[in-house]
Amino acid sequence: MLDSLRQLEDGLLRAVERCAASLRGGGKLLICGNGGSASEAMHLTGELVGRYKKERRPLAAITLGTDPALVTCIGNDYSYEEIFSRQVRGLGREGDVLIVFTTSGRSANVIRALQAAREMKIESIAFLGKDGGPALGLADHALVVRHQDTARIQEGHQFLMHSLMDMLEDLIATPLTEN
């Protein structure tokens, strides 16, 4: 599987460039997923806002779906399928980037988030698995780990996510200065 990740290098470089352009332009990264993919989304947000390897300024990123009151409100008043798209519509602006994680590419709430992003002219990056599912056709940039086992897909996503962070920090890291 690791050898197949090399085929995603060009797509990963484009994803890094899009994230860097958004952050440099004052935009933010909106990140989401379900279950283990939600954990990957939170992990990436932690690396961006906190620190990955370099001491640098925090980068603007939000994990969607982590506020239980918000999730239950949207789920109850609308549907679970709307939990991410409502947040994209409320928090997202043109110039931001939506990053989704889904091992199947078929999660209805992720699909709706990608549709909302497209309608709002928010670029999207999708970490996908298997054949990419319907999310493949909705994402502006797709990184598909073509494996059938969810654990292997998530491991591939984590490798790609850390590679994205390595390159992103090199591109836009502004060191913290002592005052």
# chains A, B, ... in the order shown; residues from 1 in each chain; ligands from 1
>>> residues_around(residues="Val88 (chain A)", least_positions_apart="3", cutoff="10 Å", atoms="only C-alpha atoms", output="list of chain:residue names")
A:Leu30, A:Ile31, A:Cys32, A:Leu64, A:Glu82, A:Ile83, A:Phe84, A:Ser85, A:Leu91, A:Gly92, A:Arg93, A:Asp96, A:Val97, A:Leu98, A:Arg112, A:Ala113, A:Leu114, A:Gln115, A:Ala116, A:Ala117, A:Met120, A:Ile122
>>> select_by_dssp(residues="region 8-167 of chain A", states="strand (DSSP E)", output="ChimeraX atom specification")
/A:29-33,61-63,97-102,123-129,141-145
>>> residues_around(residues="Leu160 (chain A)", least_positions_apart="4", cutoff="10 Å", atoms="only C-alpha atoms", output="list in words")
Leu5, Arg6, Leu8, Glu9, Leu12, Phe127, Leu143, Val145, Gln154, Glu155, Gly156, Leu164, Met165 and Asp166 of chain A
>>> write_last_selection(atoms="C-alpha atoms", output="short mmCIF file (atom, residue, chain, number, x, y, z; two decimals), in the first residue's frame")
data_model
loop_
_atom_site.label_atom_id
_atom_site.label_comp_id
_atom_site.auth_asym_id
_atom_site.auth_seq_id
_atom_site.Cartn_x
_atom_site.Cartn_y
_atom_site.Cartn_z
CA LEU A 5 0.88 6.44 -2.00
CA ARG A 6 3.74 7.65 -4.21
CA LEU A 8 -0.57 10.65 -4.97
CA GLU A 9 2.45 12.95 -4.78
CA LEU A 12 -0.67 16.12 -2.43
CA PHE A 127 -8.83 12.18 1.75
CA LEU A 143 -6.23 11.82 -2.43
CA VAL A 145 -5.97 5.46 -0.82
CA GLN A 154 -6.77 5.51 7.69
CA GLU A 155 -3.08 4.70 8.02
CA GLY A 156 -2.57 5.97 4.47
CA LEU A 164 0.96 17.64 3.98
CA MET A 165 2.01 19.17 7.31
CA ASP A 166 5.72 18.73 6.55
#
>>> select_by_dssp(residues="region 116-167 of chain A", states="alpha helix (DSSP H)", output="VMD selection string")
chain A and resid 116 to 119 135 to 138 150 to 167
>>> closest_residue(among="A:Thr45, A:Ser22, A:Ser39, A:Gln148", to="Glu123 (chain A)", atoms="only C-alpha atoms")
A:Ser22
>>> residues_around(residues="Leu48 (chain A)", least_positions_apart="6", cutoff="12 Å", atoms="only C-alpha atoms", output="PyMOL selection string")
chain A and resi 19-20+23+28-31+41-42+54-63+161-162+164-166+168-169+172-173
>>> atom_distance(atom1="CA of Tyr80 (chain A)", atom2="CA of Lys121 (chain A)")
23.3 Å
>>> residues_around(residues="Ala126 (chain A)", least_positions_apart="6", cutoff="8 Å", atoms="only C-alpha atoms", output="ChimeraX atom specification")
/A:99-102,135-136,139-144
>>> closest_residue(among="A:Leu171, A:Ala21, A:Val110, A:Cys73", to="Leu128 (chain A)", atoms="only C-alpha atoms")
A:Val110
>>> residues_around(residues="Gly105 (chain A)", least_positions_apart="4", cutoff="8 Å", atoms="only C-alpha atoms", output="PyMOL selection string")
chain A and resi 111+128-136
>>> write_last_selection(atoms="N, CA and C atoms", output="mmCIF file, in the first residue's frame")
data_model
loop_
_atom_site.group_PDB
_atom_site.id
_atom_site.type_symbol
_atom_site.label_atom_id
_atom_site.label_comp_id
_atom_site.auth_asym_id
_atom_site.auth_seq_id
_atom_site.Cartn_x
_atom_site.Cartn_y
_atom_site.Cartn_z
ATOM 1 N N ILE A 111 -20.658 14.278 1.879
ATOM 2 C CA ILE A 111 -21.075 14.616 0.509
ATOM 3 C C ILE A 111 -21.762 15.987 0.505
ATOM 4 N N LEU A 128 -9.739 10.207 0.653
ATOM 5 C CA LEU A 128 -10.724 9.169 0.385
ATOM 6 C C LEU A 128 -10.100 7.784 0.414
ATOM 7 N N GLY A 129 -10.956 6.778 0.411
ATOM 8 C CA GLY A 129 -10.498 5.398 0.351
ATOM 9 C C GLY A 129 -11.288 4.627 -0.690
ATOM 10 N N LYS A 130 -10.932 3.349 -0.823
ATOM 11 C CA LYS A 130 -11.583 2.428 -1.766
ATOM 12 C C LYS A 130 -11.547 3.026 -3.165
ATOM 13 N N ASP A 131 -12.718 3.225 -3.806
ATOM 14 C CA ASP A 131 -12.742 3.806 -5.152
ATOM 15 C C ASP A 131 -13.037 5.305 -5.132
ATOM 16 N N GLY A 132 -13.117 5.890 -3.943
ATOM 17 C CA GLY A 132 -13.395 7.313 -3.801
ATOM 18 C C GLY A 132 -14.858 7.629 -3.637
ATOM 19 N N GLY A 133 -15.738 6.724 -4.090
ATOM 20 C CA GLY A 133 -17.173 6.928 -3.956
ATOM 21 C C GLY A 133 -17.638 8.221 -4.603
ATOM 22 N N PRO A 134 -18.858 8.649 -4.283
ATOM 23 C CA PRO A 134 -19.396 9.887 -4.854
ATOM 24 C C PRO A 134 -18.592 11.132 -4.484
ATOM 25 N N ALA A 135 -17.882 11.094 -3.375
ATOM 26 C CA ALA A 135 -17.080 12.251 -2.959
ATOM 27 C C ALA A 135 -15.993 12.567 -3.979
ATOM 28 N N LEU A 136 -15.531 11.560 -4.686
ATOM 29 C CA LEU A 136 -14.460 11.759 -5.670
ATOM 30 C C LEU A 136 -14.860 12.795 -6.714
#
>>> atom_distance(atom1="CA of Gly90 (chain A)", atom2="CA of Ala15 (chain A)")
23.3 Å
>>> atom_distance(atom1="CA of Arg18 (chain A)", atom2="CA of Ala108 (chain A)")
24.6 Å
>>> decode(residues="region 96-114 of chain A", atoms="N, CA and C atoms", output="PDB file, in the first residue's frame")
ATOM      1  N   ASP A  96     -11.544  30.067   1.710  1.00  0.00           N
ATOM      2  CA  ASP A  96     -11.277  28.992   2.666  1.00  0.00           C
ATOM      3  C   ASP A  96     -11.094  27.687   1.905  1.00  0.00           C
ATOM      4  N   VAL A  97     -10.692  26.650   2.609  1.00  0.00           N
ATOM      5  CA  VAL A  97     -10.571  25.304   2.036  1.00  0.00           C
ATOM      6  C   VAL A  97     -11.284  24.339   2.962  1.00  0.00           C
ATOM      7  N   LEU A  98     -12.112  23.477   2.389  1.00  0.00           N
ATOM      8  CA  LEU A  98     -12.748  22.386   3.125  1.00  0.00           C
ATOM      9  C   LEU A  98     -11.910  21.135   2.915  1.00  0.00           C
ATOM     10  N   ILE A  99     -11.530  20.489   4.010  1.00  0.00           N
ATOM     11  CA  ILE A  99     -10.799  19.223   3.952  1.00  0.00           C
ATOM     12  C   ILE A  99     -11.685  18.156   4.581  1.00  0.00           C
ATOM     13  N   VAL A 100     -11.959  17.098   3.827  1.00  0.00           N
ATOM     14  CA  VAL A 100     -12.786  16.013   4.353  1.00  0.00           C
ATOM     15  C   VAL A 100     -11.988  14.714   4.389  1.00  0.00           C
ATOM     16  N   PHE A 101     -12.330  13.893   5.369  1.00  0.00           N
ATOM     17  CA  PHE A 101     -11.780  12.545   5.494  1.00  0.00           C
ATOM     18  C   PHE A 101     -12.947  11.575   5.446  1.00  0.00           C
ATOM     19  N   THR A 102     -12.930  10.627   4.520  1.00  0.00           N
ATOM     20  CA  THR A 102     -13.932   9.564   4.484  1.00  0.00           C
ATOM     21  C   THR A 102     -13.329   8.338   3.817  1.00  0.00           C
ATOM     22  N   THR A 103     -13.324   7.233   4.522  1.00  0.00           N
ATOM     23  CA  THR A 103     -12.711   6.023   3.976  1.00  0.00           C
ATOM     24  C   THR A 103     -13.550   5.408   2.867  1.00  0.00           C
ATOM     25  N   SER A 104     -14.849   5.687   2.848  1.00  0.00           N
ATOM     26  CA  SER A 104     -15.721   5.115   1.821  1.00  0.00           C
ATOM     27  C   SER A 104     -16.012   6.099   0.688  1.00  0.00           C
ATOM     28  N   GLY A 105     -15.968   7.393   1.001  1.00  0.00           N
ATOM     29  CA  GLY A 105     -16.367   8.393   0.028  1.00  0.00           C
ATOM     30  C   GLY A 105     -17.869   8.466  -0.143  1.00  0.00           C
ATOM     31  N   ARG A 106     -18.597   7.803   0.761  1.00  0.00           N
ATOM     32  CA  ARG A 106     -20.048   7.707   0.634  1.00  0.00           C
ATOM     33  C   ARG A 106     -20.828   8.307   1.808  1.00  0.00           C
ATOM     34  N   SER A 107     -20.171   8.920   2.745  1.00  0.00           N
ATOM     35  CA  SER A 107     -20.858   9.483   3.910  1.00  0.00           C
ATOM     36  C   SER A 107     -21.725  10.662   3.470  1.00  0.00           C
ATOM     37  N   ALA A 108     -23.026  10.551   3.718  1.00  0.00           N
ATOM     38  CA  ALA A 108     -23.973  11.571   3.238  1.00  0.00           C
ATOM     39  C   ALA A 108     -23.645  12.960   3.779  1.00  0.00           C
ATOM     40  N   ASN A 109     -23.236  13.041   5.050  1.00  0.00           N
ATOM     41  CA  ASN A 109     -22.951  14.370   5.614  1.00  0.00           C
ATOM     42  C   ASN A 109     -21.679  14.974   5.013  1.00  0.00           C
ATOM     43  N   VAL A 110     -20.734  14.155   4.654  1.00  0.00           N
ATOM     44  CA  VAL A 110     -19.518  14.650   3.992  1.00  0.00           C
ATOM     45  C   VAL A 110     -19.838  15.071   2.556  1.00  0.00           C
ATOM     46  N   ILE A 111     -20.658  14.278   1.879  1.00  0.00           N
ATOM     47  CA  ILE A 111     -21.075  14.616   0.509  1.00  0.00           C
ATOM     48  C   ILE A 111     -21.762  15.987   0.505  1.00  0.00           C
ATOM     49  N   ARG A 112     -22.653  16.201   1.470  1.00  0.00           N
ATOM     50  CA  ARG A 112     -23.374  17.483   1.526  1.00  0.00           C
ATOM     51  C   ARG A 112     -22.433  18.640   1.851  1.00  0.00           C
ATOM     52  N   ALA A 113     -21.419  18.384   2.665  1.00  0.00           N
ATOM     53  CA  ALA A 113     -20.430  19.428   2.949  1.00  0.00           C
ATOM     54  C   ALA A 113     -19.677  19.797   1.679  1.00  0.00           C
ATOM     55  N   LEU A 114     -19.296  18.796   0.887  1.00  0.00           N
ATOM     56  CA  LEU A 114     -18.609  19.059  -0.378  1.00  0.00           C
ATOM     57  C   LEU A 114     -19.510  19.824  -1.340  1.00  0.00           C
TER      58      LEU A 114
END
